[in-house]
Amino acid sequence: MKDQQVIEQTVVELAAGGERPSAAEAGGVAALQLAEMTVSYGEKPAIFSVDARIPARSMAAIIGPNGAGKSTLLKAALGIVPRLSGKVTVFGEPFQQARHRIAYVPQRASVDWDFPTRVIDVVLMGLYRELGLLRLVRRRHREMALACLDRVGMADFAERQIGQLSGGQQQRVFLARALAQGADLYLLDEPFAGVDAATEKAIIAVLKSLKEAQKTVLCVHHDLATVIDYFDHVLLVNVRKIAEGPAATTFTADNLQATYGGRLASAHIDQLKLPA
Amino acid sequence: MTMLDTLLTALMLQAGYNAALVALGAGLLGIAAGAGGTFLFLRKRALVSDAVAHATLPGVGIAFIVMVLLGGDGRSLPGLLLGSAISAAIGLLLVEWIARRTRLAEDAAIGAVLSVFFGIGIVLLTVIQTMSRGKQAGLESFLLGSTAGMLYQDAVVIAIGGGLALLAVLLLRRPMTLVAFDPEYAAARGLEVRLVDLAMMGLVLGVTVIGLKIVGLILIVAMLIIPAVTARFWTDRTEHVVLVAGALGGVSGYLGAALSASAPGIPTGPIIVLVAFGLFFLSLLLAPKRGVLAALLRHRRFQLRVHRRQGLLALAHGEPVLDPLTIRVLRRDGMIRGDMVPTDAGRARAAKALRDERRWEIARQIHQDEAIHGRYDGLTPIENVLTRDEIADIDRRIGGPVVAGGAA
Amino acid sequence: MMGSAFVQLSLTPILIGVLSAIACALPGNFLILRRQALIGDAISHVVLPGIVVAFLITGATASMAMLLGAAGAAVVAVLLIEAIKRLGRIEPGAAMGVTFTSMFAGGVLLLEQSDTSTVHLDVEHALMGNLESLIWFRARGWESLFDPVALAHLPPELPRIAVVALLMVLLMVVFWRPLKLSTFDEGFAGTVGVPTGLMGFALVVAAAVAAVAAFDAVGSIIVIAMFICPPAAARLMTNRLEIQILWSVVFATLSAVLGYVLAGYGPLWFGADHAVSAAGMIAAVSGAILALASVAAPHRTRLGAPKDAG
């Protein structure tokens with residue numbers, strides 16, 4: 001296990017090409033660490049006492065049945081829904097101080113796509129920290145936004161009204177906005193939900209390129225069939241944390257059964273692609 | 001003292017024939033409004049009634065002008081009410097049309113119809129002022145309601161109207177309850193949801209029109225909304241909400257009208273609304289389950305429970321307790337000492353918590369049902385979910401309680 | 001019509017009407033996009049109790065006290081609505097309905113019970129406005145615009161609404177980005193550091209200030225038309241927020257000017273000898289514009305699917 005880590009780290013350092021991550025990060029500081037986080041709507045916990053440790057530079061997934069609190073977990077980590085208890089640390093710093101290193105991709109359905117604005121304007125929202133209240137949008141900002149759109153294959157749609165987009169295109173625009181933030185940790189809420197196959201391919205390509213660029217990606221994910229192909233770290237939750245760790249050792253039939261209970265027939269598990 | 005006397009007189013329906021009729025009418029109307037408003041509230045369309053109410057004004061003005069042009073006096077209450085009903089219906093249709101046919105949402109449609117109709121009404125009132133120079137048309141009383149100096153036949157119209165509205169509620173309560181509670185189920189049962197909605201809106205329209213003279217068009221919406229909201233604090237069951245709202249509305253209407261009759265300077269509408277609001281406010285604070293005090297207490301207790309449980313589990317696993325509130329709770333309960341070392345009691349409780357967790361783990365392996373997995377939220381005692389012999393079976397698998405802190 | 005009588009009798013009311021309409025339409029754009037159009041309804045109803053309480057406390061009709069009283073009432077109303085919504089888990093529309101009717105009723109009652117009959121404060125005026133009375137007595141013609149003495153006697157409502165309208169423009173320019181961002185995507189806005197709760201609250205307070213300043217001119221209910229109709233019509237004209245704002249200003253101006261002119265001169269064309277309520281006519285014109293936009297505007301129907309309830 002130790003050796004494995006050393007090897008991984010060497011590979012990482014080689015890939016980074018001189019631009020080495022800080023010593024603290026290289027030493028295994030988690031990109032996102034949750035400690036004893038509990039969230040409750042009313043009298044029933046949606047998330048109970050979850051500890052999690054998403055390693056830096058991983059492609060991680062939060063997995064669990066519907067209503068298991070996956071999205072709630074993400075939103076509570078971001079402070080969008082209030083926590084009853086718990087602490088959030090990002091790259092070893094308290095959440096508030098590390099906020100600028102996080103990019104968030106909400107669920108597509110969480111906004112009204114009839115809002116009067118264009119694709120490029122939505123991507124420019126990702127530059128809010130840089131632009132602030134009054135700084136003008138300059139050419140380099142536009143070019144950067146266009147480059148982000150290009151990465152998700154939407155450069156030709158920059159001037160489109162957002163209401164004219166398909167579901168998959170909407171998801172790509174949200175991803176482009178997150179790219180514009182230039183963050184180190186990307187939190188995505190169901191990025192593949194209800195998108196077409198082409199979009200799914202395009203999104204996963206972008207996410208993989210992020211990982212290659214030493215970024216950390218954490219997705220709320222619902223499609224068990226693709227977990228092993230897409231992710232290297234998984235967090236199985238159903239109100240409680242059931243299991244967490246490298247996908248290869250954690251995404252097992254036993255853990256899935258424990259997470260999904262009777263909802264996942266064993267026949268279904270048999271068909272899943274599980275780690276060898 | 002005299003104030004109290006006159007109030008008592010009015011409450012006992014002895015403040016004159018008119019006042020008695022008005023109080024009775026207001027009471028009946030209050031019941032109908034409270035019960036009818038409940039359906040509106042449960043359909044989440046409470047403020048549609050505000051558009052309906054404000055949209056009555058142009059109708060009142062046009063009815064007056066038409067009646068004068070026809071050679072009448074213009075102040076005949078039935079005529080004015082008919083006019084108001086027609087324009088309110090047009091306003092209602094416009095709200096629905098805008099919300100359905102354009103990209104604007106219902107709230108914008110309500111606001112637009114409400115204010116534009118009111119504006120047109122105000123224009124008509126100024127037209128009427130110039131028509132009937134010197135002679136007061138008295139239409140302004142429709143804004144805030146006034147029962148002072150009401151004619152006998154007007155009081156009769158209101159009492160009958162209130163009774164009819166109540167009758168309509170009684171007749172329509174079953175289909176409306178069904179639709180309000182679960183429109184899809186109602187549709188599946190063969191109910192015409194649109195028709196029932198239409199009837200509900202018709203009822204709202206009727207209540208509004210009858211209430212114009214008593215409460216006025218600005219405040220009539222309060223009679224439809226406040227009792228329903230108040231009732232919601234006391235019960236979760238739709239049928240009961242309807243009953244409670246009706247009772248609250250009746251009390252507000254009757255009491256308010258009586259109060260106003262005993263102090264003629266006070267306009268009727270605001271008093272009725274304030275009585276209703278008083279009942280609402282008391283309920284907001286004091287209702288046993290949904291009231292603010294109860295909710296605050298419950299939330300605090302719940303939060304402490306979560307922290308206590310998390311703290312005990314941390315002790316059981318020999319992990320440090322970091323959360324300041326958790327530490328406070330554990331200290332207060334005597335689970336840990338000042339230096340964070342668990343006390344004997346703390347170790348015992350932690351062991352018990354750990355045993356619970358183990359039980360749950362085993363239970364989740366044995367029972368693959370959703371009903372059990374769904375309750376695995378850290379707080380539900382396993383005794384609530386499994387029978388005693390089932391638990392005993394689990395205990396046999398895990399052995400006796402484990403002492404916490406690693407010193408087993 | 002364009003002579004000295006116009007300057008004396010019509011210029012100031014028209015200016016006040018236009019500025020009121022613009023001051024309300026600007027925040028109204030965002031209220032509509034946030035599905036909070038009826039907050040405008042609630043705010044405008046509680047202006048009356050706010051003014052009455054301010055009068056009872058200070059004993060004077062000083063405009064600053066009134067402004068503060070009404071803004072205070074709006075804040076109280078917003079807090080009360082939030083409290084009812086959260087504590088009682090009541091849907092927003094019903095929470096608003098409870099709050100503004102009760103506060104309005106309280107205001108009317110206080111007004112009827114106190115000795116305010118001597119001052120210029122009565123319910124009907126509060127409801128219907130009194131745009132026609134805001135004339136410029138000292139004006140002798142267009143040249144008065146350069147006469148310091150005459151300018152000193154402008155109706156005080158004019159500089160007040162001018163300041164408020166300017167304030168609305170400034171606030172909108174300065175806070176454009178966070179306002180747009182938190183209106184479109186509140187969750188995301190929070191993660192990039194926009195104080196979304198504060199933004200929403202500030203928007204409502206700004207709307208309240210606009211409502212109070214416009215209240216003298218057009219009354220508390222027609223203010224709602226100014227909040228809603230021009231922005232709603234503008235929404236149907238374009239799919240870009242920047243352009244929507246411009247359209248709303250155009251429609252607001254058009255409603256105020258046309259409404260005032262129709263109210264003042266329209267009846268004369270029909271042979272009547274009395275003007276009708278200008279405030280009411282402004283609301284009617286704004287409604288007519290919205291009606292036209294609803295049947296003929298280029299972007300009448302929705303593009304995206306409606307937002308999920310959850």
# chains A, B, ... in the order shown; residues from 1 in each chain; ligands from 1
call {"tool": "residues_around", "arguments": {"residues": "stretch 187-194 of chain C", "least_positions_apart": "6", "cutoff": "9 Å", "atoms": "only C-alpha atoms", "output": "ChimeraX atom specification"}}
result
/A:75,78-80,99-100,102-106,110,125-126,128-129,181 /C:178-179,181
call {"tool": "write_last_selection", "arguments": {"atoms": "C-alpha atoms", "output": "tab-separated table (two decimals), in the first residue's frame"}}
result
chain	number	residue	atom	x	y	z
A	75	LYS	CA	-24.40	21.01	-0.99
A	78	LEU	CA	-20.33	23.80	0.05
A	79	GLY	CA	-22.44	25.50	2.69
A	80	ILE	CA	-25.44	25.79	0.35
A	99	ARG	CA	-13.31	28.69	-1.33
A	100	HIS	CA	-11.60	30.16	-4.37
A	102	ILE	CA	-13.49	25.14	-5.60
A	103	ALA	CA	-15.69	25.09	-8.68
A	104	TYR	CA	-19.26	23.86	-8.35
A	105	VAL	CA	-21.48	22.50	-11.09
A	106	PRO	CA	-25.07	22.41	-9.81
A	110	SER	CA	-31.75	23.79	-10.34
A	125	MET	CA	-20.18	34.16	-14.45
A	126	GLY	CA	-17.35	31.76	-13.65
A	128	TYR	CA	-16.97	36.53	-10.99
A	129	ARG	CA	-14.10	36.42	-8.50
A	181	GLN	CA	-13.16	29.38	-12.50
C	178	PRO	CA	-23.95	39.62	-8.17
C	179	LEU	CA	-27.61	40.50	-8.66
C	181	LEU	CA	-25.76	35.84	-10.85
call {"tool": "interface_residues", "arguments": {"of": "chain C", "to": "chain B", "cutoff": "6 Å", "atoms": "only C-alpha atoms", "output": "PyMOL selection string"}}
result
chain C and resi 37+87+93-94+98+101+105+222+224-225+228-229+276-277+280+283-284+287+300-302
call {"tool": "closest_atom_pairs", "arguments": {"of": "chain B", "to": "chain A", "cutoff": "12 Å", "atoms": "only C-alpha atoms", "output": "Markdown table"}}
result
| residue | atom | partner | partner_atom | distance |
| --- | --- | --- | --- | --- |
| B:Thr102 | CA | A:Asp114 | CA | 11.9 |
| B:Arg103 | CA | A:Asp114 | CA | 8.3 |
| B:Leu104 | CA | A:Asp114 | CA | 10.1 |
| B:Ala105 | CA | A:Asp114 | CA | 11.1 |
| B:Arg290 | CA | A:Gly42 | CA | 11.4 |
| B:Ala295 | CA | A:Gly42 | CA | 9.6 |
| B:Leu296 | CA | A:Gly42 | CA | 11.3 |
| B:Arg298 | CA | A:Glu43 | CA | 8.5 |
| B:His299 | CA | A:Glu43 | CA | 7.6 |
| B:Arg300 | CA | A:Leu84 | CA | 10.5 |
| B:Arg301 | CA | A:Glu43 | CA | 10.1 |
| B:Phe302 | CA | A:Glu43 | CA | 7.0 |
| B:Gln303 | CA | A:Leu84 | CA | 6.8 |
| B:Leu304 | CA | A:Leu84 | CA | 9.8 |
| B:Arg305 | CA | A:Glu43 | CA | 10.8 |
| B:Val306 | CA | A:Thr38 | CA | 7.9 |
| B:His307 | CA | A:Ser85 | CA | 7.4 |
| B:Arg308 | CA | A:Ser85 | CA | 11.2 |
| B:Arg309 | CA | A:Ser49 | CA | 9.3 |
| B:Gln310 | CA | A:Ser49 | CA | 6.6 |
| B:Gly311 | CA | A:Glu36 | CA | 9.5 |
| B:Leu312 | CA | A:Ser49 | CA | 11.7 |
| B:Leu313 | CA | A:Ser49 | CA | 9.6 |
| B:Ala314 | CA | A:Glu36 | CA | 9.3 |
| B:Glu319 | CA | A:Glu36 | CA | 11.2 |
| B:Pro320 | CA | A:Ala35 | CA | 11.2 |
| B:Val321 | CA | A:Glu36 | CA | 9.7 |
| B:Leu322 | CA | A:Lys87 | CA | 9.0 |
| B:Asp323 | CA | A:Gly86 | CA | 7.1 |
| B:Pro324 | CA | A:Ser85 | CA | 9.8 |
| B:Leu325 | CA | A:Ser85 | CA | 8.6 |
| B:Thr326 | CA | A:Ser85 | CA | 8.8 |
| B:Glu357 | CA | A:Arg240 | CA | 11.3 |
| B:Trp360 | CA | A:Ala258 | CA | 11.3 |
| B:Glu361 | CA | A:Ala258 | CA | 8.9 |
| B:Ile362 | CA | A:Ala258 | CA | 10.4 |
| B:Ala363 | CA | A:Ala258 | CA | 10.6 |
| B:Arg364 | CA | A:Ala258 | CA | 7.0 |
| B:Gln365 | CA | A:Ala258 | CA | 7.1 |
| B:Ile366 | CA | A:Gly261 | CA | 10.1 |
| B:His367 | CA | A:Gly261 | CA | 8.2 |
| B:Gln368 | CA | A:Gly262 | CA | 4.5 |
| B:Asp369 | CA | A:Gly262 | CA | 5.1 |
| B:Glu370 | CA | A:Gly262 | CA | 5.8 |
| B:Ala371 | CA | A:Gly262 | CA | 9.3 |
| B:Ile372 | CA | A:Gly261 | CA | 8.9 |
| B:His373 | CA | A:Gly261 | CA | 6.4 |
| B:Gly374 | CA | A:Asn238 | CA | 8.2 |
| B:Arg375 | CA | A:Val239 | CA | 9.1 |
| B:Tyr376 | CA | A:Val239 | CA | 7.3 |
| B:Asp377 | CA | A:Val239 | CA | 5.8 |
| B:Gly378 | CA | A:Phe48 | CA | 6.2 |
| B:Leu379 | CA | A:Pro45 | CA | 8.1 |
| B:Thr380 | CA | A:Lys44 | CA | 9.2 |
call {"tool": "residues_around", "arguments": {"residues": "stretch 53-57 of chain A", "least_positions_apart": "2", "cutoff": "9 Å", "atoms": "only C-alpha atoms", "output": "PyMOL selection string"}}
result
chain A and resi 12+25-26+28-35+51+59-60+91+184-185+210-218+233-235+244-245
call {"tool": "write_last_selection", "arguments": {"atoms": "N, CA, C and O atoms", "output": "CSV table (one decimal), in the first residue's frame"}}
result
chain,number,residue,atom,x,y,z
A,12,VAL,N,3.0,11.3,-10.5
A,12,VAL,CA,2.3,12.6,-10.4
A,12,VAL,C,3.4,13.7,-10.6
A,12,VAL,O,3.2,14.6,-11.4
A,25,GLU,N,0.5,19.2,0.0
A,25,GLU,CA,-0.4,18.5,-0.8
A,25,GLU,C,0.1,17.1,-1.3
A,25,GLU,O,-0.5,16.1,-1.3
A,26,ALA,N,1.4,17.2,-1.6
A,26,ALA,CA,2.0,16.0,-2.1
A,26,ALA,C,2.0,14.9,-1.0
A,26,ALA,O,1.9,13.8,-1.2
A,28,GLY,N,-0.1,14.0,0.8
A,28,GLY,CA,-1.4,13.3,0.9
A,28,GLY,C,-2.5,14.2,1.6
A,28,GLY,O,-3.4,13.6,2.2
A,29,VAL,N,-2.4,15.5,1.6
A,29,VAL,CA,-3.5,16.3,2.1
A,29,VAL,C,-4.7,16.0,1.2
A,29,VAL,O,-4.6,16.0,0.0
A,30,ALA,N,-5.8,15.8,1.9
A,30,ALA,CA,-7.0,15.6,1.1
A,30,ALA,C,-7.5,16.8,0.4
A,30,ALA,O,-7.3,17.9,0.9
A,31,ALA,N,-8.1,16.7,-0.8
A,31,ALA,CA,-8.6,17.8,-1.5
A,31,ALA,C,-9.9,18.3,-0.7
A,31,ALA,O,-10.1,19.5,-0.5
A,32,LEU,N,-10.6,17.3,-0.3
A,32,LEU,CA,-11.8,17.7,0.5
A,32,LEU,C,-11.9,16.7,1.7
A,32,LEU,O,-11.9,15.5,1.5
A,33,GLN,N,-12.0,17.2,2.8
A,33,GLN,CA,-12.2,16.4,4.0
A,33,GLN,C,-13.4,16.8,4.8
A,33,GLN,O,-13.6,18.0,5.1
A,34,LEU,N,-14.3,15.8,5.1
A,34,LEU,CA,-15.5,16.1,5.9
A,34,LEU,C,-15.3,15.4,7.2
A,34,LEU,O,-14.9,14.2,7.2
A,35,ALA,N,-15.7,16.0,8.3
A,35,ALA,CA,-15.6,15.4,9.6
A,35,ALA,C,-16.9,15.5,10.3
A,35,ALA,O,-17.5,16.5,10.5
A,51,ASP,N,-17.9,11.0,7.6
A,51,ASP,CA,-16.5,11.4,7.5
A,51,ASP,C,-16.1,11.0,6.1
A,51,ASP,O,-16.5,10.0,5.6
A,59,MET,N,-10.3,11.1,-9.2
A,59,MET,CA,-11.6,11.3,-9.8
A,59,MET,C,-12.5,10.5,-8.9
A,59,MET,O,-12.5,9.3,-8.9
A,60,ALA,N,-13.3,11.2,-8.2
A,60,ALA,CA,-14.1,10.6,-7.1
A,60,ALA,C,-15.6,10.6,-7.4
A,60,ALA,O,-16.0,11.6,-8.1
A,91,PHE,N,-8.1,21.2,0.9
A,91,PHE,CA,-6.7,21.2,0.8
A,91,PHE,C,-6.0,21.6,2.1
A,91,PHE,O,-5.1,22.5,2.2
A,184,ASP,N,-9.1,24.1,-8.3
A,184,ASP,CA,-8.3,22.9,-8.1
A,184,ASP,C,-9.2,21.7,-7.8
A,184,ASP,O,-8.8,20.6,-7.9
A,185,LEU,N,-10.4,22.1,-7.3
A,185,LEU,CA,-11.3,21.0,-6.9
A,185,LEU,C,-12.7,21.3,-7.6
A,185,LEU,O,-13.2,22.4,-7.5
A,210,LEU,N,-8.9,17.1,-16.7
A,210,LEU,CA,-8.7,17.9,-15.4
A,210,LEU,C,-7.8,17.1,-14.5
A,210,LEU,O,-6.9,17.6,-13.9
A,211,LYS,N,-8.1,15.8,-14.4
A,211,LYS,CA,-7.3,14.9,-13.6
A,211,LYS,C,-5.9,14.9,-14.0
A,211,LYS,O,-5.0,15.0,-13.2
A,212,GLU,N,-5.7,14.8,-15.3
A,212,GLU,CA,-4.4,14.8,-15.9
A,212,GLU,C,-3.6,16.1,-15.5
A,212,GLU,O,-2.4,16.2,-15.3
A,213,ALA,N,-4.4,17.2,-15.4
A,213,ALA,CA,-3.8,18.5,-15.0
A,213,ALA,C,-3.7,18.6,-13.5
A,213,ALA,O,-3.7,19.8,-13.0
A,214,GLN,N,-3.7,17.5,-12.8
A,214,GLN,CA,-3.5,17.5,-11.3
A,214,GLN,C,-4.7,18.1,-10.5
A,214,GLN,O,-4.5,18.5,-9.4
A,215,LYS,N,-5.8,18.2,-11.2
A,215,LYS,CA,-7.0,18.7,-10.4
A,215,LYS,C,-7.7,17.5,-9.8
A,215,LYS,O,-7.5,16.4,-10.1
A,216,THR,N,-8.6,17.9,-8.9
A,216,THR,CA,-9.4,16.9,-8.2
A,216,THR,C,-10.9,17.0,-8.7
A,216,THR,O,-11.4,18.1,-8.8
A,217,VAL,N,-11.5,15.9,-8.9
A,217,VAL,CA,-12.9,15.9,-9.4
A,217,VAL,C,-13.8,15.1,-8.5
A,217,VAL,O,-13.4,13.9,-8.2
A,218,LEU,N,-14.9,15.6,-8.1
A,218,LEU,CA,-15.8,14.8,-7.2
A,218,LEU,C,-17.2,14.9,-7.8
A,218,LEU,O,-17.7,16.0,-7.9
A,233,HIS,N,-11.9,6.7,-7.1
A,233,HIS,CA,-12.1,6.8,-5.7
A,233,HIS,C,-13.7,6.9,-5.5
A,233,HIS,O,-14.3,7.6,-6.2
A,234,VAL,N,-14.2,6.1,-4.6
A,234,VAL,CA,-15.7,6.1,-4.5
A,234,VAL,C,-16.0,6.3,-3.0
A,234,VAL,O,-15.3,5.9,-2.1
A,235,LEU,N,-17.2,7.0,-2.8
A,235,LEU,CA,-17.7,7.2,-1.5
A,235,LEU,C,-19.2,6.7,-1.6
A,235,LEU,O,-20.0,7.3,-2.3
A,244,GLU,N,-15.7,3.9,1.9
A,244,GLU,CA,-15.0,4.9,1.1
A,244,GLU,C,-13.6,4.3,0.8
A,244,GLU,O,-13.0,3.7,1.6
A,245,GLY,N,-13.1,4.6,-0.4
A,245,GLY,CA,-11.7,4.2,-0.7
A,245,GLY,C,-11.5,4.1,-2.2
A,245,GLY,O,-12.4,4.5,-3.0
call {"tool": "interface_residues", "arguments": {"of": "chain A", "to": "chain C", "cutoff": "6 Å", "atoms": "only C-alpha atoms", "output": "number ranges by chain"}}
result
A: 109, 111-114, 116-117, 163
call {"tool": "select_by_dssp", "arguments": {"residues": "stretch 35-272 of chain A", "states": "strand (DSSP E)", "output": "PyMOL selection string"}}
result
chain A and resi 35-41+44-55+59-63+85-90+93-94+102-105+185-189+216-221+233-238+240-246
call {"tool": "atom_distance", "arguments": {"atom1": "atom CA of A:Leu175", "atom2": "atom CA of A:Val152"}}
result
7.5 Å
call {"tool": "residues_around", "arguments": {"residues": "B:Ala257", "least_positions_apart": "5", "cutoff": "9 Å", "atoms": "only C-alpha atoms", "output": "list in words"}}
result
Ala10, Leu11, Ala19, Val22, Ala23, Leu24, Ala26, Gly27, Thr147, Ile214, Ser252, Ser262, Thr268, Gly269, Ile271 and Ile272 of chain B
call {"tool": "residues_around", "arguments": {"residues": "B:Ile62", "least_positions_apart": "2", "cutoff": "12 Å", "atoms": "only C-alpha atoms", "output": "ChimeraX atom specification"}}
result
/B:56-60,64-69,74-75,79-87,120-128,139
call {"tool": "write_last_selection", "arguments": {"atoms": "C-alpha atoms", "output": "JSON list (two decimals), in the first residue's frame"}}
result
[["chain", "number", "residue", "atom", "x", "y", "z"],
["B", 56, "THR", "CA", -63.80, 43.87, -8.61],
["B", 57, "LEU", "CA", -63.30, 47.63, -8.57],
["B", 58, "PRO", "CA", -63.85, 48.43, -12.25],
["B", 59, "GLY", "CA", -67.01, 46.31, -12.16],
["B", 60, "VAL", "CA", -68.38, 48.32, -9.27],
["B", 64, "PHE", "CA", -72.79, 52.28, -11.06],
["B", 65, "ILE", "CA", -72.41, 54.20, -14.31],
["B", 66, "VAL", "CA", -74.67, 51.81, -16.20],
["B", 67, "MET", "CA", -77.35, 51.97, -13.52],
["B", 68, "VAL", "CA", -77.22, 55.78, -13.51],
["B", 69, "LEU", "CA", -77.39, 55.89, -17.29],
["B", 74, "GLY", "CA", -76.62, 53.59, -9.04],
["B", 75, "ARG", "CA", -76.17, 52.49, -5.49],
["B", 79, "GLY", "CA", -76.36, 45.60, -9.11],
["B", 80, "LEU", "CA", -72.95, 46.69, -7.88],
["B", 81, "LEU", "CA", -72.13, 43.18, -6.71],
["B", 82, "LEU", "CA", -73.13, 41.73, -10.08],
["B", 83, "GLY", "CA", -70.84, 44.20, -11.82],
["B", 84, "SER", "CA", -67.99, 43.38, -9.47],
["B", 85, "ALA", "CA", -68.45, 39.65, -10.03],
["B", 86, "ILE", "CA", -68.24, 40.08, -13.80],
["B", 87, "SER", "CA", -65.06, 42.14, -13.74],
["B", 120, "ILE", "CA", -58.90, 51.35, -14.06],
["B", 121, "GLY", "CA", -61.27, 51.24, -11.11],
["B", 122, "ILE", "CA", -59.74, 54.38, -9.65],
["B", 123, "VAL", "CA", -60.12, 56.13, -13.01],
["B", 124, "LEU", "CA", -63.79, 55.12, -13.05],
["B", 125, "LEU", "CA", -64.28, 56.39, -9.50],
["B", 126, "THR", "CA", -62.98, 59.81, -10.54],
["B", 127, "VAL", "CA", -65.32, 59.72, -13.52],
["B", 128, "ILE", "CA", -68.21, 58.96, -11.18],
["B", 139, "LEU", "CA", -68.31, 53.67, -3.69]]
call {"tool": "residues_around", "arguments": {"residues": "stretch 162-179 of chain B", "least_positions_apart": "2", "cutoff": "9 Å", "atoms": "only C-alpha atoms", "output": "PyMOL selection string"}}
result
chain B and resi 24-33+35-36+39+43+157-160+181-187+191+193+196-197+199-200+203+206-207+210-211+238-239+242
call {"tool": "select_by_dssp", "arguments": {"residues": "stretch 27-189 of chain A", "states": "helix (DSSP H, G or I)", "output": "PyMOL selection string"}}
result
chain A and resi 70-77+95-101+108-110+119-131+139-151+155-157+162-164+167-180
call {"tool": "residues_around", "arguments": {"residues": "stretch 208-221 of chain C", "least_positions_apart": "3", "cutoff": "8 Å", "atoms": "only C-alpha atoms", "output": "VMD selection string"}}
result
(chain B and resid 115 118 to 119) or (chain C and resid 13 16 to 17 20 to 21 23 to 24 40 to 41 43 to 45 47 to 48 67 70 to 71 74 125 to 131 134 157 160 to 161 164 to 165 168 204 to 205 224 to 225 278 to 280)
call {"tool": "atom_distance", "arguments": {"atom1": "atom CA of A:Leu188", "atom2": "atom CA of A:Cys219"}}
result
4.6 Å
call {"tool": "atom_distance", "arguments": {"atom1": "atom CA of B:Tyr152", "atom2": "atom CA of B:Val209"}}
result
18.2 Å
call {"tool": "closest_residue", "arguments": {"among": "A:Gln96, A:Ala61, A:Phe174, A:Asp229", "to": "A:Leu73", "atoms": "only C-alpha atoms"}}
result
A:Ala61
